[in-house]
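Each remark here refers to the structure printed beneath this line.
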Amino acid sequence: MSNLRKISDIVPLRFENGKVIWLNTKAIPWKEEYKESRNYEDVAKAIETMEVRGAPAIGVMAAFGVAAAVYNSQGNISELYDVALRAIDRLSKTRPTAYNLFWALDRMKGKASTLLSDNVSPNEFRQELVNEALQIQREDIEINKKMGEVGSRVIKDGDVILTHCNTGSLATAGFGTALGVIRSAWLQGKNIRVIATETRPLLQGARLTMWELSKDGIPSKLITDNMVAYAMKYEGVTKVILGADRILTSGYVANKIGTYGISILAKYHGADFYVVAPTSTIDRTEAKDIVIEKRKPDEVKTVLNLVDITVKDVEVLNPAFDVTPPELITGIITEKGIAYPPFKESLKKFIQESG
Ligand SMILES: CSC[C@@H](O)[C@@H](O)C(=O)COP(=O)(O)O
């Protein structure tokens with residue numbers, strides 16, 4: 001059976017001849033539509049409007065935005081450096097929570113500064129920044145595959161895995177974080193079943209995760225977000241496996257709104273609760289708080305802006321993420337290994353190892 005299993009090769013982001021090309025995830029599952037631009041403002045808008053979303057994907061997209069800005073500009077290297085800084089500043093204002101965005105932009109800024117002090121030619125400056133962005137993309141795919149290998153060790157034959165939001169190829173440069181772990185276990189021939197939450201208000205679970213799981217033929221069922229307790233009690237959920245947008249070294253994890261509630265339900269029902277994320281999601285600033293993005297009321301007052309579901313002037317709360325405390329987490333799976341409580345020492349070691 002296992003040797004018949006294959007997974008689909010989805011490439012959501014590309015950089016070609018100065019153009020950023022992205023799969024518009026807002027159109028999925030209805031159509032597979034690619035968009036493109038040479039302009040970092042369009043790249044920033046694609047992140048803000050969530051045509052591209054998911055922490056690692058946002059990081060790669062932003063790096064491509066900086067690469068496009070310099071590739072398509074003229075001038076000497078100090079002028080090109082200013083272009084890069086302007087793009088970095090704009091892109092850093094797109095979404096506040098996912099750490100990968102700031103990690104990738106810092107890396108692009110570091111590279112631009114080194115090239116400036118090395119006084120390279122304008123052509124070399126452009127090419128090296130493009131190479132750096134492509135390297136970030138390549139590494140993300142390799143890291144996801146490594147996390148798949150590490151994380152699949154905790155998955156047993158017969159596991160019923162609940163996942164939340166979308167953590168697959170569409171949330172990364174390819175393969176996925178939590179969905180990558182699920183894919184790896186599936187490719188190893190393990191007999192698993194997946195339960196995916198729809199993930200209101202933007203339905204990343206229903207639209208994107210189910211699209212990816214169906215393409216791969218992984219046995220899965222869709223539930224609405226308010227069915228999680230039912231699924232744990234009556235469908236035999238053994239593990240929760242989901243992603244992260246920002247992890248503090250103390251072990252607090254910000255992820256898609258609803259994650260915190262799922263972690264409480266997992267504890268009550270005795271299901272393991274694993275977070276899967278690359279070390280580029282771990283906040284290196286020793287911050288104690290996480291800024292939670294608040295999005296527009298219309299996302300809650302409608303279903304995907306297609307139909308109104310409430311009265312006109314109702315007040316709305318729309319946080320895009322919540323924070324799960326370390327005491328509710330079984331383990332944090334990264335490309336450097338699995339951190340178990342107390343998380344601090346391992347997480348710090350993992351970031352040091354990843355440089
Ligand atoms: C592999 S990505 C993990 C997270 O980024 C994912 O779970 C998530 O919360 C995405 O949120 P989104 O608001 O769709 O960008």
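A note on labels: chains of the structure tokens are A, B, ... as shown, every chain counts residues from 1, and ligands are counted from 1 in their shown order.
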key: Within-7 Å residues of ligand 1, basis only C-alpha atoms and all ligand atoms, as a ChimeraX atom specification   = /A:50,53-56,98,164-168,171-172,176-178,204,242-245,255-256,277,320-321
Region 85-196 of chain A near region 64-75 of chain A within 7 Å: what's each residue's closest atom pair and its distance in Å to one decimal, counting only C-alpha atoms, ordered by chain then ascending residue number, as JSON lines?
{"residue": "A:Ala87", "atom": "CA", "partner": "A:Val66", "partner_atom": "CA", "distance": 5.6}
{"residue": "A:Ile88", "atom": "CA", "partner": "A:Val66", "partner_atom": "CA", "distance": 6.4}
{"residue": "A:Arg126", "atom": "CA", "partner": "A:Tyr71", "partner_atom": "CA", "distance": 5.3}
{"residue": "A:Leu129", "atom": "CA", "partner": "A:Ala67", "partner_atom": "CA", "distance": 5.6}
{"residue": "A:Val130", "atom": "CA", "partner": "A:Ala67", "partner_atom": "CA", "distance": 4.9}
{"residue": "A:Ala133", "atom": "CA", "partner": "A:Phe64", "partner_atom": "CA", "distance": 5.7}
Write the residues of the preceding selection, restricted to C-alpha atoms, as an mmCIF file, in the first residue's frame.
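In the end it all went to out18.cif:
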data_model
loop_
_atom_site.group_PDB
_atom_site.id
_atom_site.type_symbol
_atom_site.label_atom_id
_atom_site.label_comp_id
_atom_site.auth_asym_id
_atom_site.auth_seq_id
_atom_site.Cartn_x
_atom_site.Cartn_y
_atom_site.Cartn_z
ATOM 1 C CA ALA A 87 10.524 47.718 0.308
ATOM 2 C CA ILE A 88 11.491 46.116 3.637
ATOM 3 C CA ARG A 126 20.588 42.790 -7.563
ATOM 4 C CA LEU A 129 19.492 39.685 -3.250
ATOM 5 C CA VAL A 130 17.534 37.544 -5.711
ATOM 6 C CA ALA A 133 15.360 35.214 -1.563
#
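Straight-line separation from CA of Leu187 (chain A) to CA of Glu142 (chain A): 16.4 Å.
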key: Contact residues around region 220-222 of chain A with only C-alpha atoms at 9 Å, ignoring same-chain residues under 2 positions, as an MDAnalysis selection string   = chainID A and resid 192:198 205:206 210 213:214 217:218 224
Next, the residues of the selection above should be written as a PDB file, in the first residue's frame with N, CA and C atoms.
ATOM      1  N   ILE A 192      -3.590   6.473   8.913  1.00  0.00           N
ATOM      2  CA  ILE A 192      -4.043   7.616   9.722  1.00  0.00           C
ATOM      3  C   ILE A 192      -5.333   8.195   9.131  1.00  0.00           C
ATOM      4  N   ARG A 193      -6.045   8.913   9.989  1.00  0.00           N
ATOM      5  CA  ARG A 193      -7.211   9.663   9.525  1.00  0.00           C
ATOM      6  C   ARG A 193      -7.060  11.094  10.009  1.00  0.00           C
ATOM      7  N   VAL A 194      -7.525  12.037   9.206  1.00  0.00           N
ATOM      8  CA  VAL A 194      -7.385  13.447   9.572  1.00  0.00           C
ATOM      9  C   VAL A 194      -8.761  14.080   9.733  1.00  0.00           C
ATOM     10  N   ILE A 195      -8.886  14.908  10.771  1.00  0.00           N
ATOM     11  CA  ILE A 195     -10.092  15.721  10.923  1.00  0.00           C
ATOM     12  C   ILE A 195      -9.637  17.180  10.830  1.00  0.00           C
ATOM     13  N   ALA A 196     -10.212  17.919   9.898  1.00  0.00           N
ATOM     14  CA  ALA A 196      -9.799  19.314   9.692  1.00  0.00           C
ATOM     15  C   ALA A 196     -10.946  20.249  10.070  1.00  0.00           C
ATOM     16  N   THR A 197     -10.613  21.272  10.832  1.00  0.00           N
ATOM     17  CA  THR A 197     -11.627  22.275  11.187  1.00  0.00           C
ATOM     18  C   THR A 197     -11.814  23.237  10.024  1.00  0.00           C
ATOM     19  N   GLU A 198     -13.000  23.774   9.878  1.00  0.00           N
ATOM     20  CA  GLU A 198     -13.214  24.702   8.748  1.00  0.00           C
ATOM     21  C   GLU A 198     -12.420  26.007   8.907  1.00  0.00           C
ATOM     22  N   GLY A 205      -9.287  26.063   6.597  1.00  0.00           N
ATOM     23  CA  GLY A 205      -9.360  24.606   6.746  1.00  0.00           C
ATOM     24  C   GLY A 205     -10.243  23.998   5.669  1.00  0.00           C
ATOM     25  N   ALA A 206     -11.451  24.558   5.523  1.00  0.00           N
ATOM     26  CA  ALA A 206     -12.408  24.015   4.545  1.00  0.00           C
ATOM     27  C   ALA A 206     -11.897  24.205   3.116  1.00  0.00           C
ATOM     28  N   MET A 210      -8.596  21.035   3.057  1.00  0.00           N
ATOM     29  CA  MET A 210      -9.350  19.943   2.425  1.00  0.00           C
ATOM     30  C   MET A 210      -8.947  19.792   0.955  1.00  0.00           C
ATOM     31  N   LEU A 213      -5.589  17.921   1.164  1.00  0.00           N
ATOM     32  CA  LEU A 213      -5.762  16.529   1.611  1.00  0.00           C
ATOM     33  C   LEU A 213      -6.451  15.692   0.530  1.00  0.00           C
ATOM     34  N   SER A 214      -7.429  16.286  -0.168  1.00  0.00           N
ATOM     35  CA  SER A 214      -8.123  15.531  -1.215  1.00  0.00           C
ATOM     36  C   SER A 214      -7.184  15.218  -2.361  1.00  0.00           C
ATOM     37  N   GLY A 217      -5.240  12.317  -1.399  1.00  0.00           N
ATOM     38  CA  GLY A 217      -6.005  11.099  -1.091  1.00  0.00           C
ATOM     39  C   GLY A 217      -5.842  10.646   0.357  1.00  0.00           C
ATOM     40  N   ILE A 218      -5.519  11.572   1.253  1.00  0.00           N
ATOM     41  CA  ILE A 218      -5.383  11.210   2.677  1.00  0.00           C
ATOM     42  C   ILE A 218      -6.786  11.188   3.295  1.00  0.00           C
ATOM     43  N   THR A 224     -17.037  21.702  11.394  1.00  0.00           N
ATOM     44  CA  THR A 224     -17.057  23.128  11.723  1.00  0.00           C
ATOM     45  C   THR A 224     -16.293  23.297  13.043  1.00  0.00           C
TER      46      THR A 224
END
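Taking only C-alpha atoms into account, Asp283 (chain A) lies nearest to A:Trp103 out of the set A:Trp103, A:Met232, A:Glu132, A:Leu116.
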message = When DSSP is applied to the backbone of this structure, which of region 123-351 of chain A are assigned alpha helix (DSSP H)? Write them out as a ChimeraX atom specification.
response = /A:123-151,178-187,210-216,228-234,259-269,298-301,343-351
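Straight-line separation from CA of Met61 (chain A) to CA of Asn24 (chain A): 12.1 Å.
Within 10 Å of Lys146 (chain A), once only C-alpha atoms are used and residues closer than 6 positions along the same chain are dropped, the contacting residues are Asp140, Ser152, Thr177, Gly180, Val181, Ser184, Pro278, Thr334, Glu335, Lys336 and Gly337 of chain A.
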Emit the selected residues as a compact mmCIF listing (two decimals), in the first residue's frame, including N, CA and C atoms.
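So selection09.txt came out as:
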# COMPACT_ATOMS: atom_id res chain seq x y z
N ASP A 140 13.16 26.66 3.00
CA ASP A 140 11.86 26.41 3.63
C ASP A 140 11.33 25.02 3.22
N SER A 152 7.02 12.84 12.05
CA SER A 152 6.26 11.61 11.76
C SER A 152 6.60 10.50 12.75
N THR A 177 4.07 22.50 7.08
CA THR A 177 4.62 22.28 8.43
C THR A 177 3.86 21.13 9.09
N GLY A 180 2.79 18.85 6.58
CA GLY A 180 3.99 18.13 6.11
C GLY A 180 4.25 16.90 6.97
N VAL A 181 4.05 17.04 8.29
CA VAL A 181 4.23 15.90 9.20
C VAL A 181 3.18 14.82 8.87
N SER A 184 4.17 13.15 5.65
CA SER A 184 5.29 12.21 5.80
C SER A 184 4.80 10.90 6.38
N PRO A 278 9.02 25.78 11.75
CA PRO A 278 10.47 25.92 11.55
C PRO A 278 11.06 26.85 12.61
N THR A 334 10.33 20.95 15.41
CA THR A 334 11.06 21.85 14.50
C THR A 334 12.00 20.99 13.64
N GLU A 335 12.70 21.66 12.72
CA GLU A 335 13.67 20.91 11.89
C GLU A 335 14.88 20.48 12.71
N LYS A 336 15.05 21.07 13.90
CA LYS A 336 16.21 20.73 14.74
C LYS A 336 15.88 19.66 15.78
N GLY A 337 14.64 19.26 15.83
CA GLY A 337 14.24 18.25 16.81
C GLY A 337 12.93 18.65 17.48
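For Val323 (chain A), the non-local neighbours within 10 Å, defined as residues at least 4 positions apart in the same chain or in other chains and counting only C-alpha atoms, are Ala244, Asp245, Arg246, Ile247, Tyr252, Val253, Ala254, Asn255, Lys256, Ile257, Gly258, Thr259, Tyr260, Gly261, Asp289, Ile290 and Ile292 of chain A.
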Residues as selected, N, CA and C atoms, written as a PDB file, in the first residue's frame, can you do that?
ATOM      1  N   ALA A 244       2.196  27.189  13.721  1.00  0.00           N
ATOM      2  CA  ALA A 244       2.382  28.352  14.595  1.00  0.00           C
ATOM      3  C   ALA A 244       2.752  29.558  13.753  1.00  0.00           C
ATOM      4  N   ASP A 245       2.373  30.710  14.256  1.00  0.00           N
ATOM      5  CA  ASP A 245       2.762  31.961  13.602  1.00  0.00           C
ATOM      6  C   ASP A 245       3.905  32.651  14.331  1.00  0.00           C
ATOM      7  N   ARG A 246       3.956  32.429  15.648  1.00  0.00           N
ATOM      8  CA  ARG A 246       5.084  32.963  16.429  1.00  0.00           C
ATOM      9  C   ARG A 246       5.200  32.139  17.704  1.00  0.00           C
ATOM     10  N   ILE A 247       6.410  31.749  18.018  1.00  0.00           N
ATOM     11  CA  ILE A 247       6.647  30.970  19.238  1.00  0.00           C
ATOM     12  C   ILE A 247       7.637  31.744  20.107  1.00  0.00           C
ATOM     13  N   TYR A 252       5.203  29.829  24.760  1.00  0.00           N
ATOM     14  CA  TYR A 252       3.874  30.351  24.363  1.00  0.00           C
ATOM     15  C   TYR A 252       3.813  30.362  22.836  1.00  0.00           C
ATOM     16  N   VAL A 253       2.674  29.911  22.299  1.00  0.00           N
ATOM     17  CA  VAL A 253       2.559  29.759  20.845  1.00  0.00           C
ATOM     18  C   VAL A 253       1.354  30.539  20.314  1.00  0.00           C
ATOM     19  N   ALA A 254       1.622  31.475  19.394  1.00  0.00           N
ATOM     20  CA  ALA A 254       0.509  32.157  18.704  1.00  0.00           C
ATOM     21  C   ALA A 254       0.197  31.376  17.434  1.00  0.00           C
ATOM     22  N   ASN A 255      -1.068  31.072  17.251  1.00  0.00           N
ATOM     23  CA  ASN A 255      -1.496  30.402  16.014  1.00  0.00           C
ATOM     24  C   ASN A 255      -2.932  30.830  15.725  1.00  0.00           C
ATOM     25  N   LYS A 256      -3.457  30.361  14.616  1.00  0.00           N
ATOM     26  CA  LYS A 256      -4.801  30.735  14.154  1.00  0.00           C
ATOM     27  C   LYS A 256      -5.827  30.702  15.279  1.00  0.00           C
ATOM     28  N   ILE A 257      -6.670  31.721  15.314  1.00  0.00           N
ATOM     29  CA  ILE A 257      -7.716  31.823  16.325  1.00  0.00           C
ATOM     30  C   ILE A 257      -8.475  30.485  16.433  1.00  0.00           C
ATOM     31  N   GLY A 258      -8.625  30.040  17.676  1.00  0.00           N
ATOM     32  CA  GLY A 258      -9.273  28.745  17.903  1.00  0.00           C
ATOM     33  C   GLY A 258      -8.296  27.704  18.431  1.00  0.00           C
ATOM     34  N   THR A 259      -7.003  27.942  18.207  1.00  0.00           N
ATOM     35  CA  THR A 259      -5.980  26.967  18.627  1.00  0.00           C
ATOM     36  C   THR A 259      -5.992  26.786  20.148  1.00  0.00           C
ATOM     37  N   TYR A 260      -6.102  27.907  20.876  1.00  0.00           N
ATOM     38  CA  TYR A 260      -6.088  27.858  22.342  1.00  0.00           C
ATOM     39  C   TYR A 260      -7.244  26.985  22.860  1.00  0.00           C
ATOM     40  N   GLY A 261      -8.418  27.203  22.294  1.00  0.00           N
ATOM     41  CA  GLY A 261      -9.581  26.398  22.703  1.00  0.00           C
ATOM     42  C   GLY A 261      -9.356  24.918  22.407  1.00  0.00           C
ATOM     43  N   ASP A 289       5.391  39.517  25.022  1.00  0.00           N
ATOM     44  CA  ASP A 289       4.034  39.595  24.476  1.00  0.00           C
ATOM     45  C   ASP A 289       4.054  39.374  22.972  1.00  0.00           C
ATOM     46  N   ILE A 290       2.888  39.000  22.465  1.00  0.00           N
ATOM     47  CA  ILE A 290       2.754  38.794  21.020  1.00  0.00           C
ATOM     48  C   ILE A 290       1.650  39.725  20.526  1.00  0.00           C
ATOM     49  N   ILE A 292      -1.325  40.597  18.481  1.00  0.00           N
ATOM     50  CA  ILE A 292      -2.350  39.801  17.793  1.00  0.00           C
ATOM     51  C   ILE A 292      -3.049  40.679  16.762  1.00  0.00           C
TER      52      ILE A 292
END
remark   = In Å and to one decimal, CA of Tyr34 (chain A) is distant from CA of Glu139 (chain A) by 22.6 Å
key: In region 187-274 of chain A, DSSP strand (DSSP E or B) residues written as a PyMOL selection string   = chain A and resi 193-197+220-223+239-242+246-247+253-256+272-274
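Among the candidates A:Asp9, A:Phe125, A:Gln188, A:Asp42, the one nearest to Gly148 (chain A) when counting only C-alpha atoms is A:Gln188.
Every protein or nucleic acid residue with an atom no more than 9 Å from Lys296 (chain A), counting only C-alpha atoms and leaving out same-chain residues fewer than 4 positions away, appears here: A:Val300, A:Val316, A:Leu317, A:Asn318.
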Restrict the selected residues to N, CA and C atoms and save them as a PDB file, in the first residue's frame.
ATOM      1  N   VAL A 300     -16.295  38.641   9.814  1.00  0.00           N
ATOM      2  CA  VAL A 300     -17.162  37.907  10.743  1.00  0.00           C
ATOM      3  C   VAL A 300     -18.640  38.120  10.391  1.00  0.00           C
ATOM      4  N   VAL A 316     -18.205  43.749  16.434  1.00  0.00           N
ATOM      5  CA  VAL A 316     -17.567  42.461  16.143  1.00  0.00           C
ATOM      6  C   VAL A 316     -16.179  42.398  16.779  1.00  0.00           C
ATOM      7  N   LEU A 317     -15.794  41.211  17.181  1.00  0.00           N
ATOM      8  CA  LEU A 317     -14.429  40.968  17.649  1.00  0.00           C
ATOM      9  C   LEU A 317     -13.809  40.048  16.589  1.00  0.00           C
ATOM     10  N   ASN A 318     -12.636  40.422  16.049  1.00  0.00           N
ATOM     11  CA  ASN A 318     -12.057  39.574  15.006  1.00  0.00           C
ATOM     12  C   ASN A 318     -10.533  39.426  15.133  1.00  0.00           C
TER      13      ASN A 318
END
query = For Ile47 (chain A), which residue out of A:Ile309, A:Leu91, A:Ala63, A:Ile332 is the nearest one, using only C-alpha atoms?
reply = A:Leu91
